[in-house]
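Raw work21.txt, compact mmCIF, C-alpha atoms:
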```txt
# COMPACT_ATOMS: atom_id res chain seq x y z
CA MET C 1 -30.19 15.62 32.45
CA LYS C 2 -29.34 12.68 30.19
CA THR C 3 -26.50 14.64 28.61
CA THR C 4 -25.06 15.77 31.97
CA LEU C 5 -25.56 12.55 33.97
CA ASP C 6 -24.05 10.27 31.37
CA GLU C 7 -21.57 7.94 33.09
CA GLY C 8 -20.71 6.06 36.27
CA PHE C 9 -22.80 6.80 39.34
CA ARG C 10 -24.31 9.76 37.53
CA ARG C 11 -26.40 7.34 35.46
CA HIS C 12 -27.87 5.89 38.65
CA VAL C 13 -28.69 9.41 39.80
CA LEU C 14 -30.29 10.05 36.40
CA THR C 15 -32.76 7.14 36.57
CA TYR C 16 -33.52 7.82 40.24
CA SER C 17 -34.22 11.49 39.52
CA VAL C 18 -36.30 10.85 36.40
CA HIS C 19 -38.44 8.37 38.30
CA TYR C 20 -38.98 10.95 41.05
CA ILE C 21 -40.09 13.55 38.48
CA LEU C 22 -42.39 11.12 36.65
CA ASN C 23 -43.99 10.00 39.89
CA SER C 24 -44.56 13.57 41.09
CA VAL C 25 -46.14 14.68 37.82
CA HIS C 26 -48.24 11.52 37.67
CA GLN C 27 -49.69 12.14 41.11
CA GLU C 28 -50.64 15.67 40.13
CA ARG C 29 -52.16 14.64 36.76
CA SER C 30 -53.41 11.15 37.57
CA GLY C 31 -56.75 11.63 35.80
CA ILE C 32 -55.35 12.26 32.33
CA SER C 33 -52.86 10.78 29.86
CA TRP C 34 -50.15 13.42 29.97
CA MET C 35 -47.04 11.68 28.58
CA ASP C 36 -46.27 12.20 24.87
CA SER C 37 -44.48 9.78 22.55
CA ASP C 38 -41.05 11.41 22.85
CA VAL C 39 -41.06 11.10 26.63
CA VAL C 40 -42.32 7.51 26.43
CA LYS C 41 -39.51 6.46 24.10
CA LEU C 42 -36.82 8.27 26.06
CA ALA C 43 -38.03 6.89 29.40
CA CYS C 44 -38.35 3.32 28.03
CA ASP C 45 -34.82 3.28 26.70
CA MET C 46 -33.46 4.80 29.90
CA PHE C 47 -35.13 2.37 32.30
CA LEU C 48 -34.51 -0.67 30.11
CA ASP C 49 -30.85 0.26 30.20
CA GLU C 50 -31.07 0.54 33.96
CA LEU C 51 -32.62 -2.91 34.32
CA LEU C 52 -30.77 -4.76 31.56
CA GLY C 53 -27.81 -2.75 30.33
CA GLN C 54 -24.64 -1.13 31.58
CA VAL C 55 -26.36 0.63 34.47
CA ALA C 56 -27.59 -2.70 35.80
CA GLU C 57 -24.09 -4.15 35.56
CA GLN C 58 -22.64 -1.22 37.46
CA ARG C 59 -25.30 -1.54 40.15
CA ASP C 60 -24.29 -5.17 40.68
CA LEU C 61 -20.68 -4.24 41.43
CA LYS C 62 -19.71 -4.14 45.09
CA THR C 63 -18.16 -0.71 44.64
CA SER C 64 -21.42 0.81 43.49
CA SER C 65 -23.69 -0.99 45.95
CA THR C 66 -22.12 0.75 48.93
CA ALA C 67 -21.74 4.24 47.54
CA PHE C 68 -25.11 5.85 46.87
CA LYS C 69 -28.74 5.17 47.68
CA GLU C 70 -29.52 5.64 43.98
CA ALA C 71 -27.15 2.79 43.10
CA LYS C 72 -28.68 0.32 45.56
CA THR C 73 -32.25 0.31 44.27
CA SER C 74 -33.92 0.08 40.89
CA LYS C 75 -36.84 2.32 40.03
CA GLY C 76 -37.24 0.76 36.59
CA TYR C 77 -40.21 -1.50 37.32
CA ASP C 78 -42.16 1.27 39.05
CA ALA C 79 -41.31 3.61 36.19
CA PHE C 80 -42.83 1.28 33.58
CA GLU C 81 -46.08 1.16 35.53
CA ILE C 82 -46.17 4.95 35.60
CA ILE C 83 -45.25 5.29 31.91
CA THR C 84 -47.96 2.90 30.71
CA CYS C 85 -50.58 4.50 32.93
CA ALA C 86 -49.73 8.08 31.92
CA MET C 87 -49.11 7.67 28.18
CA ASP C 88 -51.45 8.17 25.25
CA PHE C 89 -52.26 4.48 24.76
CA ASP C 90 -52.63 4.55 20.97
CA VAL C 91 -49.17 6.07 20.54
CA GLY C 92 -47.35 4.81 23.61
CA ALA C 93 -48.33 1.13 23.70
CA PRO C 94 -46.57 0.27 20.41
CA ILE C 95 -43.45 2.12 21.58
CA VAL C 96 -43.23 0.28 24.91
CA PHE C 97 -44.03 -3.06 23.30
CA ALA C 98 -41.45 -2.59 20.52
CA ALA C 99 -38.76 -1.69 23.06
CA CYS C 100 -39.40 -4.84 25.11
CA LYS C 101 -39.71 -7.00 21.98
CA LEU C 102 -36.33 -5.77 20.77
CA ARG C 103 -34.71 -6.84 24.03
CA LEU C 104 -36.43 -10.24 23.88
CA GLU C 105 -35.10 -10.76 20.36
CA LYS C 106 -31.59 -10.45 21.77
CA ALA C 107 -32.18 -12.28 25.06
CA THR C 108 -29.88 -15.26 25.49
CA SER C 109 -30.19 -15.78 29.25
CA SER C 110 -33.11 -16.69 31.50
CA ARG C 111 -32.21 -13.73 33.75
CA VAL C 112 -32.95 -11.22 30.99
CA VAL C 113 -36.20 -12.99 30.08
CA HIS C 114 -37.36 -12.95 33.72
CA ILE C 115 -36.62 -9.22 34.00
CA LEU C 116 -38.62 -8.53 30.84
CA GLU C 117 -41.48 -10.67 32.15
CA GLU C 118 -41.63 -8.49 35.26
CA ILE C 119 -41.46 -5.30 33.18
CA LEU C 120 -44.38 -6.49 31.06
CA ARG C 121 -46.31 -7.52 34.17
CA ARG C 122 -45.99 -3.97 35.49
CA CYS C 123 -47.00 -2.67 32.05
CA VAL C 124 -50.22 -4.68 32.33
CA VAL C 125 -51.00 -2.96 35.63
CA GLY C 126 -50.28 0.46 34.19
CA MET C 127 -52.19 -0.04 30.92
CA ALA C 128 -55.26 -1.41 32.68
CA SER C 129 -55.32 1.74 34.82
CA ASN C 130 -54.69 4.18 31.96
CA PRO C 131 -57.52 6.72 32.42
CA GLU C 132 -57.99 7.69 28.77
CA MET C 133 -57.40 4.33 27.10
CA LYS C 134 -60.22 3.35 24.73
CA ILE C 135 -61.18 -0.31 24.93
CA GLU C 136 -61.37 -0.53 21.13
CA SER C 137 -57.69 0.44 20.96
CA ALA C 138 -56.78 -2.11 23.64
CA PHE C 139 -58.59 -4.92 21.81
CA ARG C 140 -56.85 -4.07 18.54
CA PHE C 141 -53.47 -3.97 20.28
CA ILE C 142 -54.03 -7.32 22.04
CA TYR C 143 -55.23 -9.02 18.86
CA LYS C 144 -52.24 -7.77 16.90
CA VAL C 145 -49.82 -9.19 19.48
CA LEU C 146 -51.60 -12.56 19.56
CA GLU C 147 -51.85 -12.76 15.78
CA GLU C 148 -48.11 -12.25 15.39
CA PHE C 149 -46.76 -14.39 18.22
CA VAL C 150 -49.23 -17.21 18.99
CA PRO C 151 -48.03 -19.20 15.92
CA CYS C 152 -44.50 -19.16 17.38
CA CYS C 153 -45.77 -20.87 20.56
CA GLU C 154 -47.91 -23.64 19.10
CA VAL C 155 -46.66 -27.20 19.42
CA ASP C 156 -44.83 -28.07 16.22
CA ALA C 157 -45.45 -31.40 14.56
CA GLY C 158 -41.79 -31.55 13.59
CA LYS C 159 -39.13 -33.45 15.45
CA LYS C 160 -38.08 -31.85 18.74
CA VAL C 161 -34.43 -31.47 19.55
CA GLY C 162 -33.06 -30.67 23.01
CA LYS C 163 -34.92 -30.05 26.27
CA GLY C 164 -36.96 -27.34 27.94
CA ASN C 165 -37.71 -23.88 26.58
CA GLY C 166 -34.57 -23.99 24.46
CA GLN C 167 -35.69 -26.96 22.40
CA THR C 168 -35.86 -26.52 18.65
CA THR C 169 -38.06 -28.04 15.97
CA ASN C 170 -37.70 -28.67 12.25
CA ARG C 171 -39.32 -25.31 11.68
CA ASP C 172 -36.73 -23.63 13.88
CA GLU C 173 -33.85 -25.40 12.19
CA GLU C 174 -34.81 -23.88 8.85
CA LYS C 175 -34.01 -20.53 10.42
CA HIS C 176 -30.55 -21.42 11.62
CA GLY C 177 -29.02 -19.68 8.61
CA GLN C 178 -30.59 -16.41 9.75
CA LYS C 179 -29.65 -14.22 12.66
CA VAL C 180 -29.59 -15.68 16.18
CA GLU C 181 -32.17 -13.06 17.24
CA ALA C 182 -34.82 -14.74 15.07
CA THR C 183 -34.42 -18.04 16.94
CA ALA C 184 -34.42 -16.25 20.28
CA MET C 185 -37.66 -14.48 19.34
CA VAL C 186 -39.34 -17.78 18.50
CA ARG C 187 -38.15 -19.20 21.81
CA ASN C 188 -39.26 -16.17 23.84
CA ALA C 189 -42.49 -15.33 22.00
CA TYR C 190 -44.54 -16.95 24.77
CA VAL C 191 -43.61 -14.00 27.03
CA LEU C 192 -45.38 -11.58 24.68
CA VAL C 193 -48.44 -13.83 24.33
CA GLU C 194 -48.71 -14.08 28.12
CA PHE C 195 -48.48 -10.30 28.33
CA ALA C 196 -51.39 -9.86 25.88
CA LEU C 197 -53.60 -12.41 27.66
CA LYS C 198 -52.84 -10.94 31.09
CA LEU C 199 -53.74 -7.48 29.79
CA LEU C 200 -57.08 -8.77 28.47
CA PHE C 201 -57.77 -10.48 31.80
CA GLN C 202 -56.85 -7.39 33.83
CA LEU C 203 -58.98 -5.07 31.67
CA HIS C 204 -62.03 -7.20 32.49
CA VAL C 205 -61.12 -7.38 36.19
CA LYS C 206 -60.87 -3.57 36.23
CA GLY C 207 -64.29 -3.27 34.59
CA ARG C 208 -62.91 -1.56 31.48
CA PHE C 209 -65.42 -3.44 29.32
CA THR C 210 -68.75 -5.21 29.86
CA GLU C 211 -70.56 -8.08 28.15
CA SER C 212 -72.32 -5.74 25.76
CA GLU C 213 -72.91 -6.81 22.16
CA GLU C 214 -70.26 -4.34 20.98
CA SER C 215 -67.64 -5.64 23.42
CA LEU C 216 -68.37 -9.27 22.56
CA SER C 217 -67.98 -8.57 18.85
CA MET C 218 -64.54 -7.09 19.51
CA LEU C 219 -63.62 -9.91 21.90
CA GLU C 220 -64.57 -12.69 19.45
CA PRO C 221 -61.45 -12.48 17.20
CA ILE C 222 -59.23 -12.53 20.28
CA MET C 223 -60.92 -15.63 21.69
CA GLN C 224 -60.45 -17.39 18.36
CA MET C 225 -56.69 -17.03 18.95
CA LEU C 226 -56.92 -18.71 22.38
CA PRO C 227 -56.73 -22.37 21.24
CA GLY C 228 -53.31 -21.66 19.76
CA SER C 229 -52.17 -20.33 23.13
CA LEU C 230 -53.39 -23.51 24.83
CA GLU C 231 -51.67 -25.85 22.36
CA THR C 232 -48.16 -24.98 23.47
CA LYS C 233 -45.17 -26.56 25.21
CA TYR C 234 -44.77 -23.65 27.65
CA ASP C 235 -46.40 -24.42 31.00
CA SER C 236 -46.61 -20.79 32.10
CA LEU C 237 -48.44 -19.83 28.90
CA THR C 238 -50.78 -22.81 29.23
CA HIS C 239 -51.65 -21.67 32.76
CA THR C 240 -52.30 -18.09 31.62
CA ALA C 241 -54.42 -19.24 28.66
CA LEU C 242 -56.48 -21.60 30.82
CA ARG C 243 -57.10 -18.81 33.32
CA THR C 244 -58.19 -16.50 30.51
CA ALA C 245 -60.45 -19.15 28.97
CA GLN C 246 -62.10 -19.81 32.33
CA ARG C 247 -63.01 -16.15 32.68
CA PHE C 248 -64.42 -15.60 29.19
CA MET C 249 -65.90 -18.98 28.22
CA ARG C 250 -69.17 -18.25 30.02
CA MET C 251 -69.80 -15.28 27.74
CA ASP C 252 -72.05 -15.60 24.71
CA LEU C 253 -69.29 -16.00 22.12
CA ASP C 254 -69.40 -17.99 18.88
CA SER C 255 -65.95 -19.44 19.63
CA ARG C 256 -67.00 -20.75 23.05
CA GLU C 257 -67.43 -24.40 21.98
CA GLU C 258 -64.10 -24.51 20.16
CA VAL C 259 -62.31 -22.97 23.14
CA ALA C 260 -64.04 -25.36 25.56
CA GLU C 261 -62.97 -28.37 23.49
CA THR C 262 -59.36 -27.17 23.42
CA VAL C 263 -59.46 -26.51 27.18
CA LEU C 264 -60.50 -30.12 27.84
CA THR C 265 -57.82 -31.48 25.51
CA THR C 266 -55.21 -29.26 27.14
CA ALA C 267 -56.25 -30.28 30.65
CA VAL C 268 -55.88 -33.97 29.77
CA ARG C 269 -52.50 -33.32 28.14
CA VAL C 270 -51.20 -31.35 31.14
CA VAL C 271 -52.37 -33.97 33.65
CA ALA C 272 -50.82 -36.75 31.56
CA ARG C 273 -47.51 -34.90 31.19
CA HIS C 274 -47.19 -34.08 34.86
CA GLY C 275 -48.31 -37.60 35.78
CA LEU C 276 -45.52 -39.04 33.65
CA ARG C 277 -43.01 -36.70 35.30
CA HIS C 278 -44.02 -37.80 38.80
CA SER C 279 -44.08 -41.49 37.88
CA ALA C 280 -40.60 -41.16 36.42
```
Written form, structure tokens:
Amino acid sequence: MKTTLDEGFRRHVLTYSVHYILNSVHQERSGISWMDSDVVKLACDMFLDELLGQVAEQRDLKTSSTAFKEAKTSKGYDAFEIITCAMDFDVGAPIVFAACKLRLEKATSSRVVHILEEILRRCVVGMASNPEMKIESAFRFIYKVLEEFVPCCEVDAGKKVGKGNGQTTNRDEEKHGQKVEATAMVRNAYVLVEFALKLLFQLHVKGRFTESEESLSMLEPIMQMLPGSLETKYDSLTHTALRTAQRFMRMDLDSREEVAETVLTTAVRVVARHGLRHSA
């Protein structure tokens, strides 16, 4: 299908048809993880292109918006929920994550970042509902994401330059000789940290793990990463981290006191910052 439906409106028909097939198979095999790594990679690339690439641009044109039903609507977000629910988690999660990370590395507009945020939000829903996902694998995956990207989000002691999410620090400026993608990844890393924390939160909401001694031992390293997520300049990440801390702080974890102290410090900082904004 990808070879035949390769240009113009045919590409809209391709994504619409593939979504229909995925949805039909998923309904028939909803109790198992039936999607292999090749299908996951192919589907990810296809629907990312639909949402972010040339297919998206064509859908925005007036000529395409009036021609076919397939060109008027996007099935990309729904498709990512299906993919992440139907895939073998151990193999598929790194593929989906790497595909979204690659697009974030190249994102230069808030529109692209917002689209990727919604894609990852739907991935959280799908992963939390994946019937054959092992919680040990999920914890390892979440920790790996946090370990890599939380340091990019922490408030830097260096001098800040500019305003908002695009501000740079001394640490960032040392990277200006490298590729632009590296700076964009530092700026957009908070999206990936939010994704990991939301997945952890949703797994507990769905009852995928309990407060057993085994679960708490696996949760402990993740909670030790939480203070770094709270000490950030990104309000949306601060909100997500506070929400996560509130849910897990009552558990019998060694890191509970450290997290509680950081929560109080963060709350005071947030109130002070917003108070200054309103007074100004």
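From atom CA of Arg122 of chain C back to atom CA of Val18 of chain C, the distance works out to 17.7 Å.
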**Asked** Which is closest to Ala189 of chain C among C:Lys134, C:Arg250, C:His19, C:Lys101, if we use all atoms listed in the file?
**Response** C:Lys101
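Atom pair atom CA of Thr244 of chain C / atom CA of Val113 of chain C has a distance of 22.3 Å (rounded to one decimal).
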**Nearest-residue call for Ser137 of chain C, choices C:Asp90, C:Glu154, C:Glu117, C:Asp36, using only C-alpha atoms** = C:Asp90
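The gap separating atom CA of Met127 of chain C from atom CA of Thr262 of chain C is 29.0 Å, in Å to one decimal.
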**Complete:** Nearest to Val205 of chain C, restricted to all atoms listed in the file and choosing among C:Val124, C:Cys100, C:Val40, C:Leu52, comes out as C:Val124
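The environment of Asn23 of chain C within 12 Å, counting all atoms listed in the file and disregarding residues fewer than 2 places along the same chain, consists of Tyr16, Ser17, Val18, His19, Tyr20, Ile21, Val25, His26, Gln27, Glu28, Arg29, Ser30, Met35, Lys75, Gly76, Asp78, Ala79, Phe80, Glu81, Ile82, Ile83, Cys85 and Ala86 of chain C.
Residues in contact with Leu264 of chain C at up to 12 Å, not including ones fewer than 6 positions away on its chain and judged by all atoms listed in the file, are C:Pro227, C:Leu230, C:Glu231, C:Leu242, C:Ala245, C:Gln246, C:Glu257, C:Glu258, C:Val270, C:Val271.
Distance annotation: of C:Cys153, C:Glu147, C:Arg269, C:Asn188, the residue with the minimal separation from Met225 of chain C is C:Glu147; atom set is only C-alpha atoms.
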Contacts of Leu116 of chain C within 9 Å, only C-alpha atoms, excl. fewer than 6 positions in-chain, as a CSV table (one decimal) with C-alpha atoms, in the coordinates of the input:
```
chain,number,residue,atom,x,y,z
C,48,LEU,CA,-34.5,-0.7,30.1
C,51,LEU,CA,-32.6,-2.9,34.3
C,52,LEU,CA,-30.8,-4.8,31.6
C,100,CYS,CA,-39.4,-4.8,25.1
C,103,ARG,CA,-34.7,-6.8,24.0
C,104,LEU,CA,-36.4,-10.2,23.9
C,191,VAL,CA,-43.6,-14.0,27.0
```
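Among the candidate residues C:Ser229, C:Glu132, C:Glu50, C:Phe195, the one lying nearest to Glu118 of chain C is C:Phe195, with distances computed using only C-alpha atoms.
With only C-alpha atoms as the atoms that count, the minimum distance from Cys152 of chain C to the choices C:Leu253, C:Met185, C:Met87, C:Val112 is reached by C:Met185.
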Could you write out as JSON the box around segment 263-266 of chain C (axis-aligned, all atoms listed in the file, 4 Å on each side), with centre and edge lengths in Å to one decimal?
```
{"center_x": -57.9, "center_y": -29.0, "center_z": 26.7, "size_x": 13.3, "size_y": 13.0, "size_z": 10.3}
```
